[in-house]
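Asks: Input file: my_file31.tsv. Contents: TSV, C-alpha atoms and all ligand atoms.
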chain	number	residue	atom	x	y	z
R	1	MET	CA	149.89	134.92	93.90
R	2	ILE	CA	153.46	136.19	93.88
R	3	ARG	CA	156.27	133.68	93.83
R	4	HIS	CA	159.75	134.26	95.21
R	5	PHE	CA	162.94	132.47	94.20
R	6	LEU	CA	165.10	132.35	97.32
R	7	THR	CA	166.16	128.72	96.97
R	8	LEU	CA	165.55	125.91	94.47
R	9	MET	CA	162.92	124.55	96.87
R	10	ASP	CA	160.62	127.49	96.01
R	11	LEU	CA	159.77	125.87	92.66
R	12	SER	CA	158.54	122.34	91.98
R	13	SER	CA	160.70	119.83	90.08
R	14	GLU	CA	158.34	120.19	87.11
R	15	GLU	CA	158.65	123.97	87.14
R	16	LEU	CA	162.46	123.73	87.32
R	17	LEU	CA	162.56	121.32	84.38
R	18	GLY	CA	160.25	123.69	82.51
R	19	LEU	CA	162.77	126.49	83.05
R	20	ILE	CA	165.56	124.39	81.49
R	21	HIS	CA	163.49	123.87	78.34
R	22	ARG	CA	162.37	127.48	78.21
R	23	GLY	CA	165.95	128.68	78.73
R	24	ILE	CA	167.07	126.56	75.77
R	25	GLU	CA	164.19	127.93	73.69
R	26	LEU	CA	164.94	131.55	74.60
R	27	LYS	CA	168.61	131.00	73.74
R	28	ALA	CA	167.68	129.70	70.28
R	29	MET	CA	165.28	132.60	69.71
R	30	ARG	CA	168.00	135.08	70.60
R	31	ALA	CA	170.52	133.33	68.31
R	32	ALA	CA	167.98	133.56	65.48
R	33	GLY	CA	167.64	137.30	66.13
R	34	ARG	CA	163.99	137.02	67.14
R	35	LEU	CA	162.78	139.91	69.27
R	36	HIS	CA	160.87	138.75	72.38
R	37	GLU	CA	159.78	141.48	74.76
R	38	PRO	CA	157.45	139.98	77.37
R	39	LEU	CA	158.58	142.41	80.08
R	40	LYS	CA	158.03	145.73	78.31
R	41	ASN	CA	157.70	148.53	80.87
R	42	ARG	CA	158.68	146.22	83.73
R	43	VAL	CA	161.51	147.21	86.07
R	44	LEU	CA	163.82	144.97	88.11
R	45	ALA	CA	165.61	146.49	91.11
R	46	MET	CA	168.97	144.81	91.76
R	47	VAL	CA	170.39	145.24	95.26
R	48	PHE	CA	174.06	144.26	95.39
R	49	GLU	CA	175.80	144.18	98.77
R	50	LYS	CA	178.61	142.05	97.29
R	51	SER	CA	180.56	142.30	94.03
R	52	SER	CA	179.36	140.70	90.81
R	53	THR	CA	180.15	140.42	87.14
R	54	ARG	CA	177.93	137.61	85.82
R	55	THR	CA	174.86	138.12	87.99
R	56	ARG	CA	174.67	141.84	87.37
R	57	VAL	CA	175.35	141.71	83.65
R	58	SER	CA	173.06	138.74	82.97
R	59	PHE	CA	170.07	140.21	84.81
R	60	GLU	CA	170.62	143.65	83.32
R	61	ALA	CA	170.96	142.27	79.78
R	62	ALA	CA	167.96	139.96	80.31
R	63	MET	CA	165.70	142.85	81.31
R	64	ALA	CA	166.95	145.04	78.44
R	65	GLU	CA	166.40	142.29	75.85
R	66	PHE	CA	162.95	141.57	77.31
R	67	GLY	CA	161.98	145.21	76.71
R	68	GLY	CA	162.20	146.21	80.38
R	69	GLN	CA	164.84	147.80	82.58
R	70	ALA	CA	167.08	146.84	85.47
R	71	MET	CA	168.28	149.24	88.15
R	72	PHE	CA	171.59	148.64	89.94
R	73	LEU	CA	171.46	149.62	93.62
R	74	SER	CA	174.58	149.51	95.77
R	75	PRO	CA	174.63	150.03	99.55
R	76	ARG	CA	177.05	152.90	98.98
R	77	ASP	CA	174.32	154.94	97.29
R	78	THR	CA	171.08	153.76	98.91
R	79	GLN	CA	169.59	154.33	102.34
R	80	LEU	CA	169.81	150.58	102.91
R	81	GLY	CA	173.54	151.15	103.28
R	82	ARG	CA	172.84	153.80	105.94
R	83	GLY	CA	170.69	151.46	108.01
R	84	GLU	CA	167.17	151.90	106.60
R	85	PRO	CA	165.37	148.71	107.65
R	86	VAL	CA	165.06	145.90	105.11
R	87	GLU	CA	161.32	145.70	105.89
R	88	ASP	CA	160.86	149.36	104.91
R	89	THR	CA	163.02	149.04	101.79
R	90	ALA	CA	160.97	146.02	100.67
R	91	ARG	CA	157.69	147.91	100.97
R	92	VAL	CA	159.01	151.00	99.19
R	93	LEU	CA	160.63	149.12	96.28
R	94	SER	CA	157.49	146.99	95.87
R	95	ARG	CA	155.54	150.13	95.03
R	96	MET	CA	157.96	151.18	92.28
R	97	VAL	CA	159.36	148.07	90.60
R	98	HIS	CA	158.02	144.71	89.44
R	99	ALA	CA	160.67	142.45	90.99
R	100	ILE	CA	163.66	142.73	93.32
R	101	MET	CA	166.91	140.80	92.92
R	102	VAL	CA	169.17	140.76	95.98
R	103	ARG	CA	172.78	139.71	96.54
R	104	THR	CA	173.63	139.88	100.21
R	105	TYR	CA	175.33	138.14	103.14
R	106	GLU	CA	172.80	136.67	105.60
R	107	HIS	CA	170.14	134.50	104.00
R	108	GLU	CA	167.72	135.68	106.73
R	109	LYS	CA	167.95	139.17	105.26
R	110	ILE	CA	166.53	138.13	101.88
R	111	GLU	CA	163.85	136.07	103.66
R	112	LEU	CA	162.85	139.16	105.64
R	113	LEU	CA	162.81	141.26	102.49
R	114	ALA	CA	160.63	138.68	100.74
R	115	ASP	CA	158.23	138.62	103.71
R	116	TYR	CA	157.63	142.34	103.33
R	117	ALA	CA	157.77	142.60	99.52
R	118	SER	CA	154.64	142.45	97.41
R	119	VAL	CA	156.62	141.66	94.22
R	120	PRO	CA	158.77	138.59	93.46
R	121	VAL	CA	162.16	138.52	95.18
R	122	ILE	CA	165.06	136.68	93.51
R	123	ASN	CA	168.14	135.44	95.34
R	124	GLY	CA	171.21	136.59	93.42
R	125	LEU	CA	173.45	134.87	96.06
R	126	THR	CA	173.52	134.81	99.83
R	127	ASP	CA	176.01	133.18	102.20
R	128	LEU	CA	173.70	130.14	102.16
R	129	HIS	CA	172.49	129.71	98.57
R	130	HIS	CA	173.06	130.62	94.91
R	131	PRO	CA	170.00	129.18	93.14
R	132	CYS	CA	170.28	131.27	89.93
R	133	GLN	CA	173.66	129.69	89.22
R	134	LEU	CA	172.07	126.24	89.48
R	135	LEU	CA	169.48	127.16	86.84
R	136	ALA	CA	172.38	127.89	84.47
R	137	ASP	CA	174.34	124.79	85.52
R	138	MET	CA	171.36	122.48	84.99
R	139	GLN	CA	170.61	123.99	81.58
R	140	THR	CA	174.28	123.60	80.63
R	141	TYR	CA	174.39	119.95	81.67
R	142	HIS	CA	171.21	119.26	79.71
R	143	GLU	CA	172.58	120.93	76.58
R	144	HIS	CA	175.82	118.95	76.71
R	145	ARG	CA	174.70	115.54	77.99
R	146	GLY	CA	170.88	115.38	78.14
R	147	PRO	CA	168.76	114.93	81.29
R	148	ILE	CA	170.72	114.92	84.57
R	149	ARG	CA	168.19	112.64	86.32
R	150	GLY	CA	169.94	109.48	87.56
R	151	LYS	CA	173.46	110.85	86.98
R	152	THR	CA	176.24	111.31	89.55
R	153	VAL	CA	177.66	114.71	90.39
R	154	ALA	CA	180.86	115.25	92.41
R	155	TRP	CA	181.16	118.46	94.41
R	156	ILE	CA	184.78	118.93	95.47
R	157	GLY	CA	185.80	121.68	97.88
R	158	ASP	CA	183.99	124.00	100.23
R	159	GLY	CA	180.53	123.13	101.54
R	160	ASN	CA	179.47	126.68	100.69
R	161	ASN	CA	176.46	128.46	99.17
R	162	MET	CA	176.98	126.74	95.79
R	163	CYS	CA	177.31	123.34	97.46
R	164	ASN	CA	174.10	123.96	99.43
R	165	SER	CA	172.27	124.80	96.21
R	166	TYR	CA	173.67	121.63	94.60
R	167	ILE	CA	172.16	119.67	97.53
R	168	HIS	CA	168.75	121.15	96.72
R	169	ALA	CA	169.37	120.51	93.02
R	170	SER	CA	170.17	116.83	93.58
R	171	ARG	CA	166.75	116.43	95.15
R	172	GLN	CA	164.84	118.56	92.65
R	173	TYR	CA	166.47	117.26	89.46
R	174	GLY	CA	167.02	113.71	90.74
R	175	PHE	CA	170.78	113.08	90.70
R	176	THR	CA	173.23	111.64	93.23
R	177	LEU	CA	175.55	114.20	94.79
R	178	ARG	CA	178.89	113.23	96.31
R	179	VAL	CA	180.43	116.01	98.36
R	180	ALA	CA	184.15	115.86	99.22
R	181	SER	CA	185.18	118.63	101.60
R	182	PRO	CA	187.78	118.86	104.35
R	183	GLN	CA	186.65	118.34	107.94
R	184	GLY	CA	185.14	121.55	109.27
R	185	TYR	CA	183.96	122.70	105.82
R	186	ASP	CA	180.90	120.50	105.37
R	187	PRO	CA	177.70	121.92	103.92
R	188	GLU	CA	175.07	123.46	106.20
R	189	PRO	CA	173.43	120.68	108.29
R	190	ASP	CA	169.90	122.11	107.83
R	191	VAL	CA	170.34	122.09	104.06
R	192	LEU	CA	171.89	118.63	104.15
R	193	ALA	CA	168.78	117.43	105.98
R	194	GLU	CA	166.72	118.64	103.01
R	195	GLY	CA	168.80	116.56	100.60
R	196	THR	CA	167.67	113.10	99.60
R	197	ARG	CA	170.62	111.63	97.70
R	198	VAL	CA	173.77	113.20	99.11
R	199	GLU	CA	176.92	111.36	100.22
R	200	LEU	CA	179.56	113.13	102.33
R	201	LEU	CA	183.16	112.05	101.69
R	202	ARG	CA	186.62	113.38	102.49
R	203	ASP	CA	188.42	112.04	99.43
R	204	PRO	CA	188.15	113.97	96.12
R	205	ASP	CA	189.17	110.89	94.08
R	206	LYS	CA	186.37	108.81	95.63
R	207	ALA	CA	183.85	111.58	95.04
R	208	ALA	CA	184.91	111.86	91.41
R	209	ALA	CA	184.85	108.09	90.78
R	210	ASN	CA	182.65	107.47	87.74
R	211	ALA	CA	181.03	110.90	88.08
R	212	ASP	CA	179.20	112.44	85.13
R	213	LEU	CA	179.81	116.00	86.29
R	214	VAL	CA	182.58	117.41	88.50
R	215	VAL	CA	182.02	120.81	90.12
R	216	THR	CA	184.03	123.07	92.38
R	217	ASP	CA	184.11	126.65	93.62
R	218	VAL	CA	186.49	129.04	95.38
R	219	TRP	CA	187.93	128.07	98.76
R	220	ALA	CA	187.19	131.50	100.27
R	221	SER	CA	183.85	133.02	99.33
R	222	MET	CA	182.96	136.68	99.42
R	223	GLY	CA	183.00	137.78	103.06
R	224	GLN	CA	185.63	135.18	104.02
R	225	GLU	CA	188.65	137.11	102.71
R	226	GLN	CA	190.31	137.16	106.14
R	227	GLU	CA	190.15	133.35	106.29
R	228	ALA	CA	191.79	132.93	102.88
R	229	ARG	CA	195.20	131.80	104.16
R	230	ALA	CA	193.81	129.27	106.68
R	231	ARG	CA	191.49	127.95	104.01
R	232	GLN	CA	194.34	127.48	101.53
R	233	GLU	CA	195.95	125.16	104.06
R	234	ALA	CA	192.73	123.33	104.92
R	235	PHE	CA	191.90	122.75	101.25
R	236	ALA	CA	195.32	121.49	100.16
R	237	GLY	CA	194.65	118.25	98.30
R	238	PHE	CA	191.21	119.40	97.16
R	239	GLU	CA	192.26	120.90	93.82
R	240	VAL	CA	190.28	119.55	90.87
R	241	ASN	CA	193.18	118.64	88.60
R	242	GLU	CA	193.81	116.15	85.82
R	243	ALA	CA	194.43	113.33	88.34
R	244	VAL	CA	191.03	113.89	89.99
R	245	MET	CA	189.25	114.16	86.63
R	246	ALA	CA	190.85	110.86	85.59
R	247	HIS	CA	188.58	109.12	88.15
R	248	ALA	CA	185.43	110.52	86.56
R	249	LYS	CA	183.72	109.05	83.50
R	250	SER	CA	185.69	109.62	80.30
R	251	ASP	CA	182.91	111.89	79.00
R	252	ALA	CA	182.48	113.75	82.31
R	253	ILE	CA	182.23	117.52	82.16
R	254	PHE	CA	183.61	120.14	84.55
R	255	MET	CA	181.79	123.20	85.90
R	256	HIS	CA	182.72	126.18	88.08
R	257	CYS	CA	180.41	129.14	88.72
R	258	LEU	CA	183.38	131.56	88.38
R	259	PRO	CA	185.35	133.59	89.27
R	260	ALA	CA	188.00	130.85	89.48
R	261	HIS	CA	191.49	130.65	90.94
R	262	ARG	CA	193.69	128.50	88.71
R	263	GLY	CA	196.20	126.60	90.84
R	264	GLU	CA	193.91	126.59	93.90
R	265	GLU	CA	190.50	124.90	93.60
R	266	VAL	CA	191.07	124.00	89.92
R	267	SER	CA	194.13	123.48	87.76
R	268	ALA	CA	194.52	125.46	84.54
R	269	GLY	CA	194.73	122.11	82.76
R	270	VAL	CA	191.17	121.25	83.83
R	271	ILE	CA	189.37	124.59	83.58
R	272	ASP	CA	190.89	125.31	80.18
R	273	SER	CA	190.41	121.77	78.86
R	274	PRO	CA	187.77	120.52	76.40
R	275	GLN	CA	186.00	118.81	79.36
R	276	SER	CA	185.32	122.22	80.89
R	277	VAL	CA	182.02	123.90	80.00
R	278	VAL	CA	182.50	126.97	82.20
R	279	TRP	CA	181.98	129.53	79.41
R	280	ASP	CA	178.69	127.97	78.32
R	281	GLU	CA	177.76	127.77	82.01
R	282	ALA	CA	178.45	131.49	82.50
R	283	GLY	CA	176.68	132.42	79.26
R	284	ASN	CA	173.63	130.42	80.28
R	285	ARG	CA	173.09	132.71	83.25
R	286	LEU	CA	171.44	135.05	80.72
R	287	HIS	CA	169.11	132.47	79.18
R	288	ALA	CA	168.24	130.61	82.39
R	289	GLN	CA	167.41	133.84	84.23
R	290	LYS	CA	165.35	135.08	81.30
R	291	ALA	CA	163.27	131.92	81.71
R	292	LEU	CA	163.01	132.64	85.45
R	293	LEU	CA	162.00	136.30	84.94
R	294	GLU	CA	159.39	135.30	82.40
R	295	PHE	CA	158.04	132.64	84.78
R	296	LEU	CA	157.84	135.03	87.73
R	297	LEU	CA	156.76	138.17	85.89
R	298	ALA	CA	155.22	137.66	82.48
R	299	GLY	CA	151.71	137.51	83.95
R	300	ALA	CA	152.25	140.59	86.10
R	301	PRO	CA	150.57	143.82	85.00
R	302	ALA	CA	152.94	146.47	83.63
R	303	ALA	CA	151.51	149.08	85.98
R	304	ARG	CA	150.00	148.31	89.36
X	401	LIG	N1	178.91	133.09	89.31
X	401	LIG	C1	178.56	134.31	89.71
X	401	LIG	O1	177.53	134.50	90.38
X	401	LIG	O2	179.39	135.32	89.31
X	401	LIG	P1	179.38	136.83	89.77
X	401	LIG	O3	179.85	136.86	91.20
X	401	LIG	O4	180.32	137.51	88.83
X	401	LIG	O5	177.98	137.38	89.66
X	402	LIG	N1	180.95	130.84	96.68
X	402	LIG	C1	181.25	132.04	95.95
X	402	LIG	C2	180.42	132.12	94.70
X	402	LIG	C3	180.66	133.33	93.84
X	402	LIG	C4	179.77	133.43	92.67
X	402	LIG	C5	181.01	133.25	96.84
X	402	LIG	O1	180.01	133.25	97.56
X	402	LIG	O2	181.82	134.16	96.82
The structure given in the file should be rewritten as structure tokens.
Ligand code: CP
Ligand code: NVA
Replies:
Amino acid sequence: MIRHFLTLMDLSSEELLGLIHRGIELKAMRAAGRLHEPLKNRVLAMVFEKSSTRTRVSFEAAMAEFGGQAMFLSPRDTQLGRGEPVEDTARVLSRMVHAIMVRTYEHEKIELLADYASVPVINGLTDLHHPCQLLADMQTYHEHRGPIRGKTVAWIGDGNNMCNSYIHASRQYGFTLRVASPQGYDPEPDVLAEGTRVELLRDPDKAAANADLVVTDVWASMGQEQEARARQEAFAGFEVNEAVMAHAKSDAIFMHCLPAHRGEEVSAGVIDSPQSVVWDEAGNRLHAQKALLEFLLAGAPAAR
């Protein structure tokens, strides 16, 4: 049976915890210089309709190190960009590659692609979710502070794709999530309904109070560039700065999926402080996604 990874709800809690441990193991193997090539002769197609540094490089490096290959496909060069239906693209790619990673706008588009694909489809970010980033974030928390179960996480800022994936994560990994966003920028109601331990607040200090982990993201996501100015006004007072961090536990850590805007959603003093684990978080995209690729693909035959 093929498995897709469109949101964190596609895997069980046990499977997600397994990925954390496997990601840590794969990271240690790589550091020790041990060759591990479970995906020899496997190919990953990567469809990018939005920009990327981390997602592209981590998936491409993961496939190369696993003995396989990744193929970067942009709408500028493919027929998808000229209007070839997603359903047709899914069926064609499924006959040539072993998995498809997609970064796009509408979440419905990746759902449609997955419906028609006969190989695993991985969500590399949509307007609604960014589950791969959560795999890296959860591994990073575990490495720095141990299990996240029972802890408190503060999400400060936009109720965007990252926030929606944190809502799923709070349920799957068992932590309390406090979201502080300005009125009008709450997370998606349907996703919120899937959460089990989420509190919505308007005050960043209250959200951060005694938190173990403080997280934020850009105020204007990809596709919202024209709203950037209005959003800067709406989000005034939602910067994660030293004063906000002072409300969190003294050993709290800070995360941001990057790219970041110092002086907007986070102060330079926080993102560049010892409390910030953003570089480990970014680096763990490689290890966490290796664990995911192995989980989804290692059993798959090299040629079908
Ligand atoms: N965090 C993240 O997904 O970064 P990129 O947009 O660079 O892939
Ligand atoms: N919320 C951001 C995340 C970037 C990795 C965006 O969608 O642009």
Asks: Please identify all protein, DNA and RNA residues within 6 Å of ligand LIG 402 (chain X), counting all atoms listed in the file, and report them as a ChimeraX atom specification.
Replies: /R:160-162,218,221-222,257-258
Asks: Taking all atoms listed in the file into account, list the residues no farther than 10 Å from ligand LIG 401 (chain X), as a count of residues only.
Replies: 32
Asks: How far is it from CA of Thr196 in chain R to CA of Leu113 in chain R, in Å with one decimal?
Replies: 28.7 Å
Asks: Using only C-alpha atoms - which residues lie no farther than 6 Å from the point (176.3, 120.3, 102.6) in the file's frame? Write them as a VMD selection string.
Replies: chain R and resid 159 164 186 to 188 192
Asks: Which of these, R:Asp212, R:Asp272, R:Glu65, R:Glu227, has the shortest distance to Leu39 in chain R once you count all atoms listed in the file?
Replies: R:Glu65
Asks: Enter the distance from CA of Asn210 in chain R to CA of Thr152 in chain R, in Å, rounded to one decimal.
Replies: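 That distance, rounded to one decimal, is 7.7 Å.
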Asks: Report, as JSON, the axis-aligned box around all atoms of range 100-113 of chain R present in the file, extended by 5 Å on each side; give centre and edge lengths in Å to one decimal place.
Replies:
{"center_x": 169.1, "center_y": 138.6, "center_z": 99.8, "size_x": 22.5, "size_y": 18.2, "size_z": 23.8}
Asks: Given only C-alpha atoms as the basis, pick out the residue of R:Ala298, R:Lys206, R:Ala228, R:Gln139 nearest to Glu25 in chain R.
Replies: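 Among R:Ala298, R:Lys206, R:Ala228, R:Gln139, it is R:Gln139 that comes nearest to Glu25 in chain R.
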Asks: Taking 4 positions as the minimum chain separation for residues in the same chain, which residues sit within 8 Å of Glu199 in chain R when counting only C-alpha atoms? Answer as a ChimeraX atom specification.
Replies: /R:176-179
Asks: If we count only C-alpha atoms and set the cut-off at 7 Å, which residues sit around range 6-16 of chain R, ignoring sequence neighbours fewer than 3 positions away in its own chain? Please answer as a list in words.
Replies: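 Returned residues: Leu19, Ile20, Ile122, Asn123, His129, Pro131, His168, Ala169, Gln172 and Tyr173 of chain R.
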Asks: If I take CA of Ala291 in chain R and CA of Leu17 in chain R, how far is one from the other in Å, to one decimal?
Replies: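 Taking CA of Ala291 in chain R and CA of Leu17 in chain R, their separation equals 11.0 Å.
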Asks: Within 9 Å of His247 in chain R, counting only C-alpha atoms, which residues show up once you throw out same-chain ones fewer than 3 positions away? Write them as JSON, numbers by chain, please.
Replies: {"R": [205, 206, 207, 208, 209, 210, 211, 243, 244, 250]}
